[in-house]
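Novice: Here you go, this is final-v5.tsv (TSV, C-alpha atoms and all ligand atoms).
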chain	number	residue	atom	x	y	z
G	22	MET	CA	-176.39	61.08	-108.97
G	23	ILE	CA	-175.26	58.41	-106.49
G	24	LYS	CA	-171.56	58.78	-105.82
G	25	LYS	CA	-171.02	56.38	-102.95
G	26	ARG	CA	-172.22	52.86	-102.23
G	27	LEU	CA	-172.20	51.06	-98.95
G	28	LEU	CA	-173.02	47.39	-98.42
G	29	LEU	CA	-174.41	46.29	-95.06
G	30	ALA	CA	-173.02	42.77	-94.74
G	31	THR	CA	-176.12	41.26	-93.18
G	32	THR	CA	-179.51	39.85	-94.11
G	33	ASN	CA	-180.92	40.42	-90.61
G	34	ARG	CA	-183.84	42.78	-91.27
G	35	GLY	CA	-183.83	44.07	-87.69
G	36	LYS	CA	-180.21	45.14	-88.04
G	37	VAL	CA	-180.70	46.62	-91.54
G	38	ARG	CA	-183.57	48.75	-90.26
G	39	GLU	CA	-181.57	50.07	-87.30
G	40	ILE	CA	-178.36	50.71	-89.25
G	41	LYS	CA	-180.09	52.50	-92.15
G	42	LYS	CA	-181.70	54.92	-89.70
G	43	ILE	CA	-178.35	55.80	-88.13
G	44	LEU	CA	-176.54	56.30	-91.46
G	45	ARG	CA	-179.33	58.31	-93.09
G	46	GLY	CA	-178.32	61.55	-94.82
G	47	LEU	CA	-174.68	60.68	-95.50
G	48	GLY	CA	-175.30	60.41	-99.25
G	49	PHE	CA	-174.64	56.69	-99.58
G	50	LYS	CA	-176.71	54.25	-101.53
G	51	ILE	CA	-177.13	51.65	-98.79
G	52	GLU	CA	-177.60	48.03	-99.84
G	53	SER	CA	-177.68	44.75	-97.94
G	54	LEU	CA	-176.79	41.14	-98.64
G	55	ALA	CA	-180.45	40.44	-99.35
G	56	GLU	CA	-179.77	42.08	-102.77
G	57	TYR	CA	-176.60	40.01	-103.38
G	58	PRO	CA	-177.35	36.31	-102.72
G	59	GLU	CA	-174.55	35.45	-105.17
G	60	PHE	CA	-171.94	36.73	-102.67
G	61	GLY	CA	-172.46	33.60	-100.55
G	62	THR	CA	-172.28	33.31	-96.78
G	63	PHE	CA	-169.37	34.09	-94.50
G	64	LYS	CA	-168.89	31.43	-91.80
G	65	GLU	CA	-168.36	33.03	-88.40
G	66	ARG	CA	-165.58	31.02	-86.79
G	67	GLY	CA	-163.92	33.72	-84.67
G	68	LYS	CA	-163.71	33.69	-80.90
G	69	THR	CA	-164.34	37.42	-80.54
G	70	PHE	CA	-166.76	39.99	-81.97
G	71	GLU	CA	-163.73	41.84	-83.41
G	72	GLU	CA	-162.49	38.79	-85.33
G	73	ASN	CA	-165.90	37.97	-86.79
G	74	SER	CA	-166.68	41.56	-87.69
G	75	ARG	CA	-163.37	42.05	-89.53
G	76	GLY	CA	-163.46	38.64	-91.21
G	77	LYS	CA	-166.98	39.22	-92.48
G	78	SER	CA	-166.29	42.73	-93.74
G	79	LEU	CA	-163.10	41.71	-95.57
G	80	PHE	CA	-164.82	38.68	-97.10
G	81	TYR	CA	-167.57	40.76	-98.74
G	82	SER	CA	-165.32	43.68	-99.66
G	83	GLN	CA	-163.51	41.40	-102.10
G	84	LYS	CA	-166.78	41.10	-104.01
G	85	TYR	CA	-168.42	44.51	-103.68
G	86	PRO	CA	-167.38	47.74	-105.45
G	87	GLY	CA	-167.77	50.20	-102.58
G	88	LEU	CA	-167.56	50.45	-98.82
G	89	VAL	CA	-168.56	47.39	-96.79
G	90	LEU	CA	-169.85	47.59	-93.25
G	91	ALA	CA	-170.06	44.36	-91.28
G	92	GLU	CA	-170.96	44.16	-87.66
G	93	ASP	CA	-170.86	41.34	-85.17
G	94	SER	CA	-172.87	41.70	-82.03
G	95	GLY	CA	-174.25	39.68	-79.19
G	96	LEU	CA	-175.17	39.33	-75.57
G	97	GLU	CA	-172.75	38.60	-72.72
G	98	VAL	CA	-174.26	37.45	-69.43
G	99	GLU	CA	-172.08	37.73	-66.34
G	100	ALA	CA	-173.54	34.73	-64.50
G	101	LEU	CA	-172.84	32.59	-67.60
G	102	CYS	CA	-169.21	33.77	-67.86
G	103	GLY	CA	-169.93	35.87	-70.94
G	104	LYS	CA	-172.19	33.42	-72.80
G	105	PRO	CA	-173.87	33.36	-75.28
G	106	GLY	CA	-171.30	35.88	-76.66
G	107	VAL	CA	-170.29	35.28	-80.27
G	108	ARG	CA	-172.75	32.37	-80.35
G	109	SER	CA	-175.75	34.58	-79.51
G	110	ALA	CA	-177.58	33.95	-82.81
G	111	ARG	CA	-177.19	30.16	-82.61
G	112	PHE	CA	-177.26	29.68	-78.83
G	113	ALA	CA	-180.04	27.06	-78.91
G	114	GLY	CA	-178.80	25.43	-82.14
G	115	PRO	CA	-177.62	26.24	-85.69
G	116	LYS	CA	-181.02	27.46	-86.92
G	117	ALA	CA	-182.46	28.60	-83.60
G	118	THR	CA	-185.25	31.17	-83.53
G	119	ASP	CA	-185.17	34.21	-81.22
G	120	ASN	CA	-187.74	32.51	-78.97
G	121	GLN	CA	-185.69	29.33	-78.69
G	122	ASN	CA	-182.57	31.31	-77.79
G	123	ILE	CA	-184.49	33.29	-75.16
G	124	SER	CA	-185.96	30.09	-73.68
G	125	LYS	CA	-182.53	28.52	-73.35
G	126	LEU	CA	-181.14	31.67	-71.73
G	127	LEU	CA	-183.99	31.87	-69.20
G	128	ARG	CA	-183.66	28.16	-68.39
G	129	LEU	CA	-179.95	28.55	-67.63
G	130	LEU	CA	-180.64	31.59	-65.45
G	131	ARG	CA	-183.67	30.21	-63.60
G	132	TYR	CA	-181.92	29.93	-60.22
G	133	ILE	CA	-179.97	33.18	-60.54
G	134	PRO	CA	-181.49	35.98	-58.40
G	135	PRO	CA	-182.36	39.37	-59.95
G	136	GLU	CA	-179.31	41.15	-58.48
G	137	LYS	CA	-176.95	38.73	-60.24
G	138	ARG	CA	-178.40	38.96	-63.73
G	139	GLN	CA	-176.12	41.65	-65.16
G	140	ALA	CA	-175.53	41.49	-68.90
G	141	ARG	CA	-174.29	43.60	-71.74
G	142	PHE	CA	-174.83	43.84	-75.47
G	143	VAL	CA	-171.66	44.36	-77.51
G	144	CYS	CA	-171.28	45.46	-81.13
G	145	VAL	CA	-168.16	45.74	-83.26
G	146	ALA	CA	-168.66	47.34	-86.68
G	147	THR	CA	-165.92	47.21	-89.30
G	148	LEU	CA	-165.49	49.24	-92.48
G	149	THR	CA	-163.52	47.82	-95.40
G	150	GLN	CA	-163.02	48.57	-99.07
G	151	ASN	CA	-161.44	46.52	-101.89
G	152	GLY	CA	-160.28	43.84	-99.45
G	153	ARG	CA	-158.61	46.35	-97.11
G	154	LEU	CA	-159.44	47.15	-93.51
G	155	ILE	CA	-160.34	50.79	-92.88
G	156	LYS	CA	-161.39	50.86	-89.21
G	157	SER	CA	-163.41	49.08	-86.48
G	158	PHE	CA	-165.77	50.75	-84.00
G	159	LYS	CA	-167.08	49.28	-80.75
G	160	GLY	CA	-170.17	49.99	-78.66
G	161	GLN	CA	-171.72	48.39	-75.61
G	162	VAL	CA	-174.68	48.82	-73.28
G	163	ARG	CA	-175.27	47.33	-69.82
G	164	GLY	CA	-178.54	45.93	-68.50
G	165	LYS	CA	-180.14	42.94	-66.77
G	166	ILE	CA	-181.86	39.78	-67.95
G	167	ILE	CA	-185.41	39.57	-66.61
G	168	ALA	CA	-187.27	36.30	-66.08
G	169	THR	CA	-190.36	37.07	-68.20
G	170	PRO	CA	-190.15	38.58	-71.72
G	171	LEU	CA	-191.72	42.04	-72.08
G	172	GLY	CA	-192.46	44.10	-75.22
G	173	ARG	CA	-192.90	43.41	-78.93
G	174	ASN	CA	-190.38	45.66	-80.68
G	175	GLY	CA	-186.81	44.97	-81.78
G	176	PHE	CA	-185.43	41.46	-82.28
G	177	GLY	CA	-183.24	38.79	-80.69
G	178	TYR	CA	-182.93	39.05	-76.91
G	179	ASP	CA	-184.62	42.47	-76.70
G	180	PRO	CA	-187.69	41.25	-74.72
G	181	VAL	CA	-185.53	40.00	-71.83
G	182	PHE	CA	-182.87	42.76	-71.85
G	183	TYR	CA	-183.96	45.26	-69.20
G	184	TYR	CA	-182.37	48.71	-69.25
G	185	PRO	CA	-182.60	50.17	-65.71
G	186	PRO	CA	-182.22	53.90	-66.58
G	187	LEU	CA	-185.42	53.76	-68.69
G	188	ARG	CA	-187.11	51.01	-66.62
G	189	LYS	CA	-187.97	49.15	-69.83
G	190	THR	CA	-186.76	46.20	-71.85
G	191	PHE	CA	-185.27	46.96	-75.26
G	192	ALA	CA	-188.42	45.43	-76.82
G	193	GLN	CA	-190.50	48.12	-75.09
G	194	LEU	CA	-188.53	50.93	-76.73
G	195	THR	CA	-189.23	52.57	-80.08
G	196	ALA	CA	-186.55	52.05	-82.75
G	197	GLU	CA	-185.34	55.58	-82.14
G	198	GLU	CA	-185.12	55.17	-78.34
G	199	LYS	CA	-183.20	51.93	-78.79
G	200	ASN	CA	-180.78	53.42	-81.32
G	201	ASN	CA	-180.01	56.27	-78.90
G	202	ILE	CA	-178.59	53.92	-76.26
G	203	SER	CA	-177.88	50.58	-77.89
G	204	HIS	CA	-174.51	48.94	-78.49
G	205	ARG	CA	-175.17	49.16	-82.25
G	206	GLY	CA	-176.23	52.79	-82.05
G	207	ARG	CA	-173.09	53.67	-80.10
G	208	ALA	CA	-170.72	51.83	-82.46
G	209	LEU	CA	-172.41	53.22	-85.55
G	210	ARG	CA	-172.49	56.82	-84.38
G	211	LYS	CA	-168.69	56.58	-84.01
G	212	LEU	CA	-168.56	55.15	-87.52
G	213	ARG	CA	-170.85	57.90	-88.82
G	214	LYS	CA	-168.61	60.60	-87.32
G	215	PHE	CA	-165.61	58.95	-88.96
G	216	LEU	CA	-167.34	58.93	-92.37
G	217	GLU	CA	-168.44	62.55	-92.01
G	218	LYS	CA	-164.90	63.65	-91.12
G	219	SER	CA	-162.68	61.45	-93.23
G	220	TRP	CA	-164.74	60.12	-96.13
G	221	LYS	CA	-165.67	62.97	-98.40
H	301	LIG	P1	-174.72	38.05	-85.49
H	301	LIG	O1	-175.62	38.14	-86.66
H	301	LIG	O2	-173.78	36.92	-85.49
H	301	LIG	O3	-174.06	39.35	-85.16
H	301	LIG	O4	-175.70	37.70	-84.28
H	301	LIG	C1	-176.08	38.60	-83.37
H	301	LIG	C2	-177.10	37.97	-82.45
H	301	LIG	O5	-176.95	38.59	-81.17
H	301	LIG	C3	-178.52	38.24	-82.89
H	301	LIG	O6	-179.06	37.23	-83.70
H	301	LIG	C4	-179.26	38.34	-81.55
H	301	LIG	O7	-179.56	37.07	-81.08
H	301	LIG	C5	-178.19	38.97	-80.65
H	301	LIG	N1	-178.28	40.44	-80.72
H	301	LIG	C6	-177.38	41.31	-81.27
H	301	LIG	N2	-177.81	42.58	-81.17
H	301	LIG	C7	-179.01	42.51	-80.57
H	301	LIG	C8	-179.97	43.51	-80.23
H	301	LIG	O8	-179.84	44.71	-80.49
H	301	LIG	N3	-181.08	43.05	-79.61
H	301	LIG	C9	-181.28	41.75	-79.33
H	301	LIG	N4	-180.45	40.79	-79.66
H	301	LIG	C10	-179.30	41.16	-80.27
What would the structure in this file look like if it were written as structure tokens?
Specialist:
Amino acid sequence: MIKKRLLLATTNRGKVREIKKILRGLGFKIESLAEYPEFGTFKERGKTFEENSRGKSLFYSQKYPGLVLAEDSGLEVEALCGKPGVRSARFAGPKATDNQNISKLLRLLRYIPPEKRQARFVCVATLTQNGRLIKSFKGQVRGKIIATPLGRNGFGYDPVFYYPPLRKTFAQLTAEEKNNISHRGRALRKLRKFLEKSWK
């Protein structure tokens, strides 16, 4: 019998795949917005990952009978003063593809030398229920933006996000390797611990 339900407030298949792996075995029936088109779309208008993550989670928790987990994540590049930041998904325009976003990023960085290409991925995940905030969890990972995309795994900016300790881009990692070190993996492992401890 399924006792607990958890809605992942996203339709991004890359994110759903990664999050389901991390939350496996907790006894939740995990669903995503792909199964609930009638819930509509939350407009991200916040200036921070925290604001967007909370806003999104609260929005869907008024419609869903169970826990809601929303996350907002993105890339911050030092040489671009933190851009694309909360606009990561629509950096090259409202309906931009991953390739278009990457092209814009590489164009803006074309005169920046390798030693000044520091960047980080940030993720803030927020749990809510019945329109009430439960808790937010944050994770980040530092790396560098390389000039030529490498690798075919993952999504978004993964092919240009180089992680020096493993000498690979995120798109060259398996899903499991990425989850072990990624911003999302770090935020969601905190969330998982919280659920294991406080959500019986
Ligand atoms: P969100 O759906 O508003 O949170 O948009 C997040 C965007 O940030 C994604 O569409 C990607 O462009 C980027 N992003 C977030 N996490 C990752 C990741 O793990 N790898 C690559 N790009 C990411």
Novice: Can you tell me which residues surround region 110-124 of chain G at a distance of at most 10 Å, considering all atoms listed in the file, apart from same-chain residues fewer than 6 positions away, and format the answer as a tab-separated table (two decimals) with C-alpha atoms, in the frame of the given file?
Specialist:
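Final output, saved to around_25.tsv:
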chain	number	residue	atom	x	y	z
G	94	SER	CA	-172.87	41.70	-82.03
G	95	GLY	CA	-174.25	39.68	-79.19
G	96	LEU	CA	-175.17	39.33	-75.57
G	104	LYS	CA	-172.19	33.42	-72.80
G	130	LEU	CA	-180.64	31.59	-65.45
G	168	ALA	CA	-187.27	36.30	-66.08
G	169	THR	CA	-190.36	37.07	-68.20
G	170	PRO	CA	-190.15	38.58	-71.72
G	176	PHE	CA	-185.43	41.46	-82.28
G	177	GLY	CA	-183.24	38.79	-80.69
G	178	TYR	CA	-182.93	39.05	-76.91
G	179	ASP	CA	-184.62	42.47	-76.70
G	180	PRO	CA	-187.69	41.25	-74.72
G	181	VAL	CA	-185.53	40.00	-71.83
Novice: What's the 12 Å shell around Pro86 (chain G), counting only C-alpha atoms, without same-chain residues fewer than 5 positions away, as a list in words?
Specialist: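 The neighbour list is Lys24, Lys25, Arg26, Leu27, Leu28, Glu52, Tyr81, Thr149, Gln150, Asn151 and Gly152 of chain G.
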Novice: Given the point (-191.8, 47.9, -79.3) in the file's coordinates, find the residues that have an atom at most 8 Å from it, counting all atoms listed in the file, and give them as a list in words.
Specialist: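 Every residue inside that radius is included here: Gly172, Arg173, Asn174, Gly175, Phe191, Ala192, Gln193, Leu194, Thr195 and Ala196 of chain G.
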Novice: Between atom C10 of ligand LIG 301 (chain H) and CA of Arg108 (chain G), what is the spacing in Å?
Specialist: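 We find that CA of Arg108 (chain G) and atom C10 of ligand LIG 301 (chain H) lie 11.0 Å from each other.
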Novice: What's the 9 Å shell around region 204-206 of chain G, counting only C-alpha atoms, without same-chain residues fewer than 5 positions away, as a list in words?
Specialist: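 Counting only the stated atoms, we get Lys36, Glu39, Ile40, Ile43, Glu92, Ser94, Arg141, Phe142, Val143, Cys144, Val145, Ala146, Lys159, Gly160, Gln161, Val162, Arg163, Lys199 and Lys211 of chain G.
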Novice: Any idea what the distance is between CA of Asn73 (chain G) and atom O3 of ligand LIG 301 (chain H)?
Specialist: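 Value for the CA of Asn73 (chain G)-atom O3 of ligand LIG 301 (chain H) distance: 8.4 Å.
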Novice: Which residues, written as a ChimeraX atom specification, have at least one atom at most 10 Å from Phe215 (chain G), with all atoms listed in the file counted and residues fewer than 6 positions away on the same chain left out?
Specialist: /G:156,158,209
Novice: The selected residues should be written to file as a PDB file, in the frame of the given file (atoms: C-alpha atoms).
Specialist:
ATOM      1  CA  LYS G 156    -161.390  50.860 -89.210  1.00  0.00           C
ATOM      2  CA  PHE G 158    -165.770  50.750 -84.000  1.00  0.00           C
ATOM      3  CA  LEU G 209    -172.410  53.220 -85.550  1.00  0.00           C
TER       4      LEU G 209
END
Novice: Using all atoms listed in the file, find the one residue out of G:Thr62, G:Gly76, G:Gly164, G:Phe70 that sits nearest to Glu99 (chain G).
Specialist: G:Gly164
Novice: So how many Å separate CA of Arg207 (chain G) and CA of Pro186 (chain G), to one decimal?
Specialist: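 Atom-to-atom, CA of Arg207 (chain G) and CA of Pro186 (chain G) are spaced 16.3 Å apart.
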Novice: Go through G:Leu126, G:Ala100, G:Ile133, G:Leu47 and flag the residue nearest ligand LIG 301 (chain H), using all atoms listed in the file for the distances.
Specialist: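 Of G:Leu126, G:Ala100, G:Ile133, G:Leu47, the one nearest ligand LIG 301 (chain H), counting all atoms listed in the file, is G:Leu126.
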Novice: Point out the residue among G:Arg213, G:Lys77, G:Lys50, G:Arg188 with the least atom-to-atom distance to ligand LIG 301 (chain H), counting all atoms listed in the file.
Specialist: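 Distance minimum relative to ligand LIG 301 (chain H) lands on G:Lys77.
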Novice: How big is the axis-aligned box, and where does its centre sit, when it encloses all atoms of ligand LIG 301 (chain H) listed in the file and has 6 Å added on every side, reported in Å to one decimal as lines of an AutoDock Vina configuration file?
Specialist:
center_x = -177.5
center_y = 40.8
center_z = -83.0
size_x = 19.5
size_y = 19.8
size_z = 19.3
Novice: Could you pull out every residue with an atom within 9 Å of (-175.4, 43.1, -100.1), file coordinates, counting all atoms listed in the file, and send them as a ChimeraX atom specification?
Specialist: /G:27-32,51-58,60,81,85,89
